[in-house]
$ cat protein08.tsv   # TSV, C-alpha atoms
chain	number	residue	atom	x	y	z
A	6	MET	CA	7.87	30.36	-18.06
A	7	GLU	CA	8.92	33.77	-19.32
A	8	ARG	CA	12.05	33.58	-17.17
A	9	LEU	CA	12.91	30.17	-18.60
A	10	PHE	CA	12.38	31.36	-22.16
A	11	VAL	CA	14.56	34.45	-21.70
A	12	ARG	CA	17.29	32.28	-20.18
A	13	PHE	CA	17.16	29.44	-22.72
A	14	ALA	CA	16.20	31.03	-26.04
A	15	PRO	CA	19.65	32.58	-26.78
A	16	LEU	CA	21.43	29.28	-26.03
A	17	SER	CA	22.19	26.50	-28.48
A	18	PRO	CA	20.80	23.02	-27.72
A	19	GLU	CA	24.29	21.95	-26.69
A	20	GLU	CA	24.62	24.89	-24.30
A	21	ARG	CA	21.27	24.05	-22.70
A	22	VAL	CA	22.31	20.46	-21.91
A	23	ALA	CA	24.24	21.43	-18.77
A	24	GLU	CA	21.44	23.71	-17.58
A	25	VAL	CA	18.80	21.03	-18.00
A	26	ALA	CA	20.99	18.48	-16.28
A	27	ASP	CA	21.51	20.85	-13.35
A	28	TYR	CA	17.87	21.90	-13.07
A	29	GLY	CA	15.90	18.75	-13.87
A	30	ASP	CA	12.43	19.98	-12.97
A	31	PRO	CA	9.46	19.43	-15.34
A	32	LEU	CA	9.09	23.09	-16.35
A	33	THR	CA	12.75	23.38	-17.33
A	34	ARG	CA	12.61	20.14	-19.32
A	35	TRP	CA	9.44	21.28	-21.08
A	36	MET	CA	10.96	24.61	-22.15
A	37	ASP	CA	14.09	22.87	-23.44
A	38	ALA	CA	12.02	20.36	-25.44
A	39	SER	CA	9.83	23.13	-26.85
A	40	LEU	CA	12.83	25.14	-28.04
A	41	ARG	CA	14.38	22.04	-29.58
A	42	SER	CA	11.23	21.43	-31.62
A	43	ARG	CA	10.74	25.11	-32.51
A	44	PRO	CA	14.08	26.97	-32.31
A	45	GLU	CA	12.58	30.09	-33.91
A	46	MET	CA	9.82	30.37	-31.30
A	47	ARG	CA	9.08	33.83	-29.89
A	48	LEU	CA	8.16	34.60	-26.27
A	49	GLU	CA	4.47	35.11	-27.05
A	50	GLU	CA	4.32	31.70	-28.73
A	51	ALA	CA	6.08	30.05	-25.81
A	52	LEU	CA	3.58	31.49	-23.34
A	53	GLU	CA	0.66	30.39	-25.50
A	54	MET	CA	2.10	26.88	-25.68
A	55	ALA	CA	2.59	26.90	-21.91
A	56	MET	CA	-1.11	27.60	-21.47
A	57	GLU	CA	-1.84	24.49	-23.53
A	58	ARG	CA	0.28	22.20	-21.33
A	59	ARG	CA	-1.96	19.39	-20.13
A	60	TYR	CA	-2.28	17.90	-16.67
A	61	SER	CA	-4.29	15.03	-15.30
A	62	ALA	CA	-7.41	16.08	-13.39
A	63	SER	CA	-7.59	12.78	-11.50
A	64	PRO	CA	-8.23	13.16	-7.74
A	65	ALA	CA	-6.85	9.66	-7.04
A	66	GLU	CA	-3.27	10.76	-6.33
A	67	ARG	CA	-2.01	11.64	-2.86
A	68	PHE	CA	0.15	14.78	-2.55
A	69	PHE	CA	2.90	15.39	-0.02
A	70	THR	CA	2.70	18.94	1.34
A	71	GLY	CA	4.17	20.82	4.28
A	72	GLY	CA	1.15	19.69	6.29
A	73	GLY	CA	1.49	16.00	5.42
A	74	VAL	CA	-0.23	13.79	2.86
A	75	HIS	CA	-3.39	15.20	1.31
A	76	THR	CA	-5.92	14.37	-1.37
A	77	PHE	CA	-7.93	16.95	-3.29
A	78	SER	CA	-11.14	16.98	-5.30
A	79	ASN	CA	-12.44	18.90	-8.30
A	80	PHE	CA	-15.37	21.28	-8.03
A	81	ASP	CA	-16.92	19.48	-10.97
A	82	ALA	CA	-16.45	15.70	-10.78
A	83	THR	CA	-17.05	15.30	-14.51
A	84	PHE	CA	-13.40	16.30	-15.02
A	85	ASP	CA	-12.06	13.55	-12.72
A	86	GLY	CA	-11.23	11.10	-15.50
A	87	GLN	CA	-9.86	13.67	-17.93
A	88	SER	CA	-6.77	15.73	-18.57
A	89	SER	CA	-7.07	19.47	-19.12
A	90	SER	CA	-4.86	22.22	-20.44
A	91	VAL	CA	-3.92	25.05	-18.11
A	92	ARG	CA	-6.19	27.30	-20.17
A	93	GLU	CA	-9.14	24.91	-19.78
A	94	ALA	CA	-8.45	24.60	-16.08
A	95	PHE	CA	-8.71	28.37	-15.68
A	96	ARG	CA	-11.96	28.39	-17.62
A	97	HIS	CA	-13.60	25.57	-15.67
A	98	SER	CA	-11.80	25.81	-12.30
A	99	VAL	CA	-10.34	22.30	-12.51
A	100	ASN	CA	-8.69	22.07	-9.12
A	101	LEU	CA	-6.41	19.06	-9.67
A	102	VAL	CA	-4.72	20.67	-12.65
A	103	PHE	CA	-3.64	23.56	-10.43
A	104	ILE	CA	-2.49	21.21	-7.67
A	105	ARG	CA	-0.15	19.51	-10.16
A	106	LEU	CA	0.87	22.83	-11.70
A	107	MET	CA	1.80	24.18	-8.25
A	108	ARG	CA	3.86	21.05	-7.62
A	109	ASP	CA	5.82	21.80	-10.81
A	110	VAL	CA	6.36	25.39	-9.66
A	111	VAL	CA	7.62	24.19	-6.27
A	112	ARG	CA	10.03	21.79	-7.97
A	113	TYR	CA	11.24	24.60	-10.24
A	114	HIS	CA	12.24	26.70	-7.24
A	115	MET	CA	13.61	23.78	-5.21
A	116	PHE	CA	16.12	22.93	-7.93
A	117	ARG	CA	17.37	26.53	-7.90
A	118	ILE	CA	18.14	26.70	-4.19
A	119	PRO	CA	21.86	25.94	-3.62
A	120	GLY	CA	22.20	22.80	-1.51
A	121	SER	CA	18.48	22.03	-1.67
A	122	THR	CA	17.34	18.48	-0.92
A	123	ALA	CA	15.89	18.21	-4.43
A	124	ARG	CA	19.33	18.69	-5.97
A	125	ILE	CA	21.02	16.38	-3.47
A	126	VAL	CA	18.59	13.53	-4.16
A	127	ALA	CA	18.67	14.03	-7.94
A	128	ASP	CA	22.46	13.72	-8.15
A	129	PRO	CA	23.72	10.12	-7.61
A	130	ALA	CA	27.27	11.46	-7.26
A	131	GLU	CA	26.33	13.83	-4.43
A	132	PRO	CA	28.14	12.53	-1.28
A	133	ARG	CA	25.32	13.71	1.02
A	134	ARG	CA	22.63	11.88	-0.96
A	135	GLN	CA	22.68	8.57	0.93
A	136	GLU	CA	22.81	10.32	4.30
A	137	TYR	CA	19.81	12.47	3.40
A	138	LEU	CA	17.79	9.53	2.07
A	139	ALA	CA	18.47	7.55	5.23
A	140	ARG	CA	17.43	10.48	7.42
A	141	PHE	CA	14.29	11.05	5.34
A	142	ALA	CA	13.34	7.36	5.52
A	143	ASP	CA	13.78	7.37	9.29
A	144	GLN	CA	11.65	10.50	9.67
A	145	GLU	CA	8.92	9.11	7.42
A	146	GLY	CA	9.08	5.81	9.28
A	147	ARG	CA	8.42	7.56	12.59
A	148	VAL	CA	5.35	9.28	11.13
A	149	PHE	CA	3.88	5.99	9.92
A	150	VAL	CA	4.77	4.10	13.10
A	151	ARG	CA	2.93	6.73	15.14
A	152	ARG	CA	-0.12	6.48	12.89
A	153	PHE	CA	-0.23	2.68	12.97
A	154	HIS	CA	0.41	2.57	16.72
A	155	GLU	CA	-2.72	4.64	17.27
A	156	LYS	CA	-4.65	2.43	14.86
A	157	HIS	CA	-3.71	-0.95	16.37
A	158	ARG	CA	-3.07	-0.09	20.03
A	159	GLY	CA	-5.26	-2.15	22.37
A	160	ARG	CA	-6.70	-4.30	19.56
A	161	THR	CA	-7.23	-8.01	19.77
A	162	SER	CA	-5.59	-10.21	17.15
A	163	GLU	CA	-8.92	-10.55	15.33
A	164	GLU	CA	-9.41	-6.77	15.33
A	165	SER	CA	-5.90	-6.07	14.05
A	166	LEU	CA	-6.24	-8.63	11.28
A	167	GLY	CA	-9.59	-7.10	10.35
A	168	LEU	CA	-7.97	-3.67	10.09
A	169	LEU	CA	-5.20	-5.04	7.88
A	170	VAL	CA	-7.67	-6.77	5.59
A	171	GLY	CA	-9.79	-3.62	5.65
A	172	GLY	CA	-12.91	-5.15	4.15
A	173	ARG	CA	-11.13	-5.59	0.82
A	174	HIS	CA	-11.74	-8.62	-1.38
A	175	LEU	CA	-8.28	-10.14	-1.22
A	176	THR	CA	-7.34	-13.35	-2.97
A	177	PRO	CA	-6.90	-16.41	-0.73
A	178	LEU	CA	-3.13	-16.19	-1.19
A	179	ARG	CA	-3.04	-12.55	-0.10
A	180	LEU	CA	-5.23	-13.37	2.90
A	181	ALA	CA	-2.81	-16.14	3.83
A	182	ARG	CA	0.12	-13.73	3.49
A	183	VAL	CA	-1.57	-11.18	5.76
A	184	TYR	CA	-2.08	-13.85	8.39
A	185	ARG	CA	1.40	-15.37	8.21
A	186	SER	CA	3.06	-11.94	8.15
A	187	VAL	CA	1.45	-11.16	11.51
A	188	PHE	CA	1.64	-14.72	12.90
A	189	PRO	CA	4.67	-16.34	11.21
A	190	GLU	CA	4.79	-19.13	13.82
A	191	ALA	CA	1.09	-20.04	13.58
A	192	ASP	CA	0.33	-23.57	12.50
A	193	GLU	CA	-1.60	-24.62	9.44
A	194	ALA	CA	-4.84	-25.21	11.36
A	195	ALA	CA	-4.88	-21.65	12.69
A	196	ALA	CA	-4.24	-20.25	9.20
A	197	ALA	CA	-7.05	-22.43	7.82
A	198	ALA	CA	-9.47	-21.11	10.46
A	199	PHE	CA	-8.60	-17.53	9.48
A	200	LEU	CA	-9.01	-18.19	5.75
A	201	ARG	CA	-12.38	-19.87	6.22
A	202	ALA	CA	-13.60	-17.07	8.48
A	203	GLN	CA	-12.58	-14.41	5.96
A	204	SER	CA	-14.00	-16.27	2.95
A	205	PRO	CA	-16.99	-18.28	4.22
A	206	GLU	CA	-18.28	-18.61	0.68
A	207	ALA	CA	-15.14	-20.44	-0.40
A	208	SER	CA	-14.77	-24.13	0.38
A	209	PHE	CA	-11.09	-24.54	1.27
A	210	MET	CA	-10.08	-28.17	1.09
A	211	ASP	CA	-7.24	-29.24	3.35
A	212	ASP	CA	-4.90	-29.69	0.39
A	213	ALA	CA	-5.64	-26.17	-0.84
A	214	VAL	CA	-4.99	-24.72	2.61
A	215	SER	CA	-1.67	-26.56	2.78
A	216	VAL	CA	-0.57	-25.06	-0.51
A	217	LEU	CA	-1.58	-21.53	0.55
A	218	TYR	CA	0.13	-21.99	3.92
A	219	ARG	CA	3.42	-22.91	2.24
A	220	GLN	CA	3.19	-20.20	-0.43
A	221	ALA	CA	2.52	-17.54	2.23
A	222	SER	CA	5.55	-18.46	4.33
A	223	PRO	CA	7.40	-15.27	5.38
A	224	SER	CA	10.73	-17.12	5.48
A	225	GLY	CA	13.43	-15.13	3.74
A	226	PHE	CA	11.31	-11.98	3.35
A	227	THR	CA	12.63	-8.49	3.98
A	228	LEU	CA	10.53	-6.01	5.94
A	229	ALA	CA	9.07	-4.55	2.75
A	230	ASP	CA	8.16	-7.84	1.06
A	231	PRO	CA	4.96	-8.75	2.97
A	232	GLY	CA	3.53	-5.26	2.50
A	233	HIS	CA	4.25	-5.36	-1.22
A	234	LEU	CA	2.78	-8.85	-1.60
A	235	VAL	CA	-0.47	-8.10	0.23
A	236	GLY	CA	-0.92	-4.44	-0.68
A	237	VAL	CA	-0.58	-3.16	2.92
A	238	HIS	CA	2.03	-0.70	4.17
A	239	PRO	CA	4.87	-2.91	5.52
A	240	LEU	CA	5.21	-0.81	8.67
A	241	GLU	CA	1.54	-1.38	9.50
A	242	ILE	CA	2.08	-5.15	9.37
A	243	TRP	CA	5.18	-4.76	11.55
A	244	VAL	CA	3.42	-2.50	14.09
A	245	ALA	CA	0.38	-4.79	14.31
A	246	ARG	CA	2.60	-7.80	14.91
A	247	TYR	CA	4.78	-5.98	17.47
A	248	LEU	CA	1.76	-4.80	19.46
A	249	LEU	CA	0.25	-8.28	19.51
A	250	GLU	CA	3.53	-9.62	20.90
A	251	HIS	CA	4.02	-6.62	23.26
A	252	PRO	CA	0.50	-5.31	24.08
A	253	ASP	CA	1.74	-2.64	26.52
A	254	ALA	CA	4.43	-1.24	24.18
A	255	ALA	CA	4.52	2.55	24.17
A	256	LEU	CA	5.11	4.53	21.01
A	257	SER	CA	8.67	5.33	22.12
A	258	GLU	CA	9.43	1.61	22.32
A	259	LEU	CA	8.22	0.99	18.76
A	260	THR	CA	10.22	3.95	17.49
A	261	LEU	CA	13.44	2.49	18.91
A	262	ALA	CA	12.71	-1.19	18.16
A	263	PRO	CA	14.67	-2.82	15.30
A	264	ARG	CA	12.40	-3.38	12.32
A	265	SER	CA	12.67	-6.76	10.71
A	266	PRO	CA	10.22	-9.35	9.41
A	267	SER	CA	11.37	-11.90	11.99

$ encode --input "protein08.tsv" --output "structure tokens"
Amino acid sequence: MERLFVRFAPLSPEERVAEVADYGDPLTRWMDASLRSRPEMRLEEALEMAMERRYSASPAERFFTGGGVHTFSNFDATFDGQSSSVREAFRHSVNLVFIRLMRDVVRYHMFRIPGSTARIVADPAEPRRQEYLARFADQEGRVFVRRFHEKHRGRTSEESLGLLVGGRHLTPLRLARVYRSVFPEADEAAAAAFLRAQSPEASFMDDAVSVLYRQASPSGFTLADPGHLVGVHPLEIWVARYLLEHPDAALSELTLAPRSPS
């Protein structure tokens, strides 16, 4: 923060515009906004204000790190539903504040590396942006396909559907969408049997099942649509369906297979 202050304080708001546009990380934007509101601010005041910056202490978010996706917890769970200043986090060792603070520090440095992926992705005019995003999506897709292959390999249809539902209390429409996303060619009777098995307490009349069956039709969906509509990762639905149709498929086959909802 001291480095940002020393760099920005002598500049006019107009002169800082280009800098902020070039380095769009949260710490840079915060220093610019602080100097706009208090142009006469001294370094000591800026550092005091930085210590009062507030972060969520919620452990619900997942964080992408060099080792993959991780979740973290606070030493004292009473802070879970709160936000804390950096100063308070030091005083009470609020872990999630420091996780988010470190993410801001990482982004600060990423934007200052020439040719970094952060700067490529942030600039819509960057010619390498689309190529990088496509490569990143493919890499991430391979990670998820591997994970879901291990999860659903060797499962029966009932077991795979149970894993997709995951013991959650889904609405009848979402249950129907799970079923028809995995078995798009199944008839109405099969869908009705699944719905009644998943919700034995509900009395599904034939007319109601017919409506759900039609509403859950995957016709015209993209790969991402079923996952969005049922709250399940779309690649998990695709992998489960592929393995049910090709029970002996190796991971390499799934990695090379075209991914489409049909």

$ residues_around --input "protein08.tsv" --residues "Glu57 in chain A" --least-positions-apart "4" --cutoff "10 Å" --atoms "all atoms listed in the file" --output "PyMOL selection string"
chain A and resi 51-53+89-94

$ residues_near_point --input "protein08.tsv" --point "(-0.2, -23.2, 1.6)" --cutoff "12 Å" --atoms "only C-alpha atoms" --output "PDB file with C-alpha atoms, in the coordinates of the input"
ATOM      1  CA  PRO A 177      -6.900 -16.410  -0.730  1.00  0.00           C
ATOM      2  CA  LEU A 178      -3.130 -16.190  -1.190  1.00  0.00           C
ATOM      3  CA  ARG A 179      -3.040 -12.550  -0.100  1.00  0.00           C
ATOM      4  CA  LEU A 180      -5.230 -13.370   2.900  1.00  0.00           C
ATOM      5  CA  ALA A 181      -2.810 -16.140   3.830  1.00  0.00           C
ATOM      6  CA  ARG A 182       0.120 -13.730   3.490  1.00  0.00           C
ATOM      7  CA  TYR A 184      -2.080 -13.850   8.390  1.00  0.00           C
ATOM      8  CA  ARG A 185       1.400 -15.370   8.210  1.00  0.00           C
ATOM      9  CA  ASP A 192       0.330 -23.570  12.500  1.00  0.00           C
ATOM     10  CA  GLU A 193      -1.600 -24.620   9.440  1.00  0.00           C
ATOM     11  CA  ALA A 194      -4.840 -25.210  11.360  1.00  0.00           C
ATOM     12  CA  ALA A 196      -4.240 -20.250   9.200  1.00  0.00           C
ATOM     13  CA  ALA A 197      -7.050 -22.430   7.820  1.00  0.00           C
ATOM     14  CA  LEU A 200      -9.010 -18.190   5.750  1.00  0.00           C
ATOM     15  CA  PHE A 209     -11.090 -24.540   1.270  1.00  0.00           C
ATOM     16  CA  MET A 210     -10.080 -28.170   1.090  1.00  0.00           C
ATOM     17  CA  ASP A 211      -7.240 -29.240   3.350  1.00  0.00           C
ATOM     18  CA  ASP A 212      -4.900 -29.690   0.390  1.00  0.00           C
ATOM     19  CA  ALA A 213      -5.640 -26.170  -0.840  1.00  0.00           C
ATOM     20  CA  VAL A 214      -4.990 -24.720   2.610  1.00  0.00           C
ATOM     21  CA  SER A 215      -1.670 -26.560   2.780  1.00  0.00           C
ATOM     22  CA  VAL A 216      -0.570 -25.060  -0.510  1.00  0.00           C
ATOM     23  CA  LEU A 217      -1.580 -21.530   0.550  1.00  0.00           C
ATOM     24  CA  TYR A 218       0.130 -21.990   3.920  1.00  0.00           C
ATOM     25  CA  ARG A 219       3.420 -22.910   2.240  1.00  0.00           C
ATOM     26  CA  GLN A 220       3.190 -20.200  -0.430  1.00  0.00           C
ATOM     27  CA  ALA A 221       2.520 -17.540   2.230  1.00  0.00           C
ATOM     28  CA  SER A 222       5.550 -18.460   4.330  1.00  0.00           C
ATOM     29  CA  PRO A 223       7.400 -15.270   5.380  1.00  0.00           C
TER      30      PRO A 223
END

$ closest_residue --input "protein08.tsv" --among "A:Arg108, A:Arg34, A:Arg58, A:His157" --to "Leu169 in chain A" --atoms "only C-alpha atoms"
A:His157

$ atom_distance --input "protein08.tsv" --atom1 "CA of Ser63 in chain A" --atom2 "CA of Tyr113 in chain A"
22.3 Å

$ closest_residue --input "protein08.tsv" --among "A:Ser61, A:Thr176, A:Thr76, A:Thr260" --to "Gly146 in chain A" --atoms "only C-alpha atoms"
A:Thr260

$ atom_distance --input "protein08.tsv" --atom1 "CA of Pro239 in chain A" --atom2 "CA of Val183 in chain A"
10.5 Å

$ atom_distance --input "protein08.tsv" --atom1 "CA of Ala245 in chain A" --atom2 "CA of Arg201 in chain A"
21.3 Å

$ residues_around --input "protein08.tsv" --residues "Pro44 in chain A" --least-positions-apart "4" --cutoff "8 Å" --atoms "all atoms listed in the file" --output "ChimeraX atom specification"
/A:14,39-40

$ closest_residue --input "protein08.tsv" --among "A:Pro18, A:Pro64, A:Gly167, A:Gly159" --to "Arg43 in chain A" --atoms "all atoms listed in the file"
A:Pro18

$ residues_around --input "protein08.tsv" --residues "range 45-49 of chain A" --least-positions-apart "2" --cutoff "12 Å" --atoms "only C-alpha atoms" --output "PyMOL selection string"
chain A and resi 6-17+36-43+51-56

$ residues_around --input "protein08.tsv" --residues "Glu241 in chain A" --least-positions-apart "6" --cutoff "8 Å" --atoms "only C-alpha atoms" --output "MDAnalysis selection string"
chainID A and resid 149:150 153 169
